[in-house]
Amino acid sequence: MVDITAAELRAAEKIFGDRLELAKRYVEHLATSGTERGLIGPREVPRLWSRHVLNCAVIESEIAHGSHVADVGSGAGLPGLCLAIARPDLELTLIEPLERRVIWLQEVVDDLGLGNVTVMRTRAELAVGHVEADVVTARAVSALTNLVGLTIPLLGGHGEVVAIKGRSAGEEIEKAAKTIRKLGGVETSVLTVGDNLLEEPTTVVRIVVNKSQKKS
């Protein structure tokens, strides 16, 4: 079992509720087959809860009930699988181009019985027209200047990008501002999520696309 501190456990109980055992099983997958197959570095195992799973799962508070969420560059399921476990009301499409990662993601989805998850082996730009999400998430995929071109088109003209970023989020927004406007972004903001739950809150860039329009 991967160790979890008292503070991490309190946060996990708050976020995952009665699905905490599923979250624990997911962390075990990350610590075992996830490291064996190179999805997670061995040095990250002691920090799986704080730095990875809770850091990602806490953004569930920013996603509306019943949303279809596309997770771009899903990798080890961060944040896609975290959201699927925390929020069974969400429909998740995990977009990942690398076969070995896709195989692992599908194994974990099957083992945890996550009926609200579809794993798609493709590149984000090739998924446009095949996936139309209400929210697109991403973590550690690329700088915002490139990321917006991979995420915003998946919204089909209306919705939100919720990207987990680091301390340079504000600078990234400045550099990407022109591209964001060109792609239909009408409001961009930096949020910190989980201030009352996590020792180090999660920094999120939220981009609202055509918020005045409704999908038909």
# chains A, B, ... in the order shown; residues from 1 in each chain; ligands from 1
$ select_by_dssp --residues "range 14-200 of chain A" --states "alpha helix (DSSP H)" --output "PyMOL selection string"
chain A and resi 14-16+20-29+35-36+54-57+80-86+99-112+124-127+144-151+169-182
$ residues_around --residues "range 74-83 of chain A" --least-positions-apart "4" --cutoff "10 Å" --atoms "only C-alpha atoms" --output "JSON, numbers by chain"
{"A": [15, 16, 22, 23, 26, 27, 29, 30, 34, 35, 38, 39, 40, 52, 53, 54, 55, 56, 57, 58, 59, 60, 61, 63, 69, 70, 87, 88, 89, 90, 91, 92, 93, 94, 95, 96, 97, 98, 100, 101, 102, 104, 105, 108, 109, 114, 116, 117, 119, 120, 136, 137, 138, 139, 140, 141, 163, 164]}
$ atom_distance --atom1 "CA of Glu107 in chain A" --atom2 "CA of Thr32 in chain A"
13.0 Å
$ atom_distance --atom1 "CA of Ser189 in chain A" --atom2 "CA of Lys14 in chain A"
25.4 Å
$ select_by_dssp --residues "range 20-198 of chain A" --states "strand (DSSP E)" --output "number ranges by chain"
A: 68-72, 91-96, 117-121, 135-139, 159-165, 185-193
$ closest_residue --among "A:Gly166, A:Leu155, A:Met1, A:Ala124" --to "Gly73 in chain A" --atoms "only C-alpha atoms"
A:Ala124
$ residues_around --residues "range 202-211 of chain A" --least-positions-apart "6" --cutoff "7 Å" --atoms "only C-alpha atoms" --output "JSON, numbers by chain"
{"A": [55, 157, 158, 159, 160, 161, 162, 163, 164, 165, 166, 169, 184, 185, 186, 187, 188, 189, 190, 191, 192, 193, 194]}
$ closest_residue --among "A:Leu197, A:Ala127, A:Ile152, A:Ala86" --to "Gly17 in chain A" --atoms "only C-alpha atoms"
A:Ala86
$ residues_around --residues "Ser168 in chain A" --least-positions-apart "4" --cutoff "10 Å" --atoms "only C-alpha atoms" --output "ChimeraX atom specification"
/A:143,172-173,203
$ write_last_selection --atoms "N, CA, C and O atoms" --output "mmCIF file, in the first residue's frame"
data_model
loop_
_atom_site.group_PDB
_atom_site.id
_atom_site.type_symbol
_atom_site.label_atom_id
_atom_site.label_comp_id
_atom_site.auth_asym_id
_atom_site.auth_seq_id
_atom_site.Cartn_x
_atom_site.Cartn_y
_atom_site.Cartn_z
ATOM 1 N N ALA A 143 3.137 23.911 -23.235
ATOM 2 C CA ALA A 143 2.899 25.311 -22.890
ATOM 3 C C ALA A 143 1.559 25.753 -23.462
ATOM 4 O O ALA A 143 1.076 25.225 -24.470
ATOM 5 N N GLU A 172 2.176 32.414 -19.085
ATOM 6 C CA GLU A 172 1.722 31.598 -20.214
ATOM 7 C C GLU A 172 0.478 32.207 -20.859
ATOM 8 O O GLU A 172 0.338 32.198 -22.084
ATOM 9 N N ILE A 173 -0.415 32.730 -20.040
ATOM 10 C CA ILE A 173 -1.634 33.353 -20.567
ATOM 11 C C ILE A 173 -1.286 34.568 -21.416
ATOM 12 O O ILE A 173 -1.849 34.767 -22.507
ATOM 13 N N THR A 203 -3.010 25.069 -9.159
ATOM 14 C CA THR A 203 -3.186 26.234 -10.028
ATOM 15 C C THR A 203 -3.833 25.792 -11.332
ATOM 16 O O THR A 203 -3.365 24.850 -11.973
#
$ closest_residue --among "A:Asn146, A:Leu20, A:Leu154, A:Glu28" --to "Leu48 in chain A" --atoms "only C-alpha atoms"
A:Glu28
$ atom_distance --atom1 "CA of Arg167 in chain A" --atom2 "CA of Thr122 in chain A"
29.5 Å
$ closest_residue --among "A:Thr118, A:Ser142, A:Gln106, A:Thr5" --to "Arg47 in chain A" --atoms "only C-alpha atoms"
A:Thr5
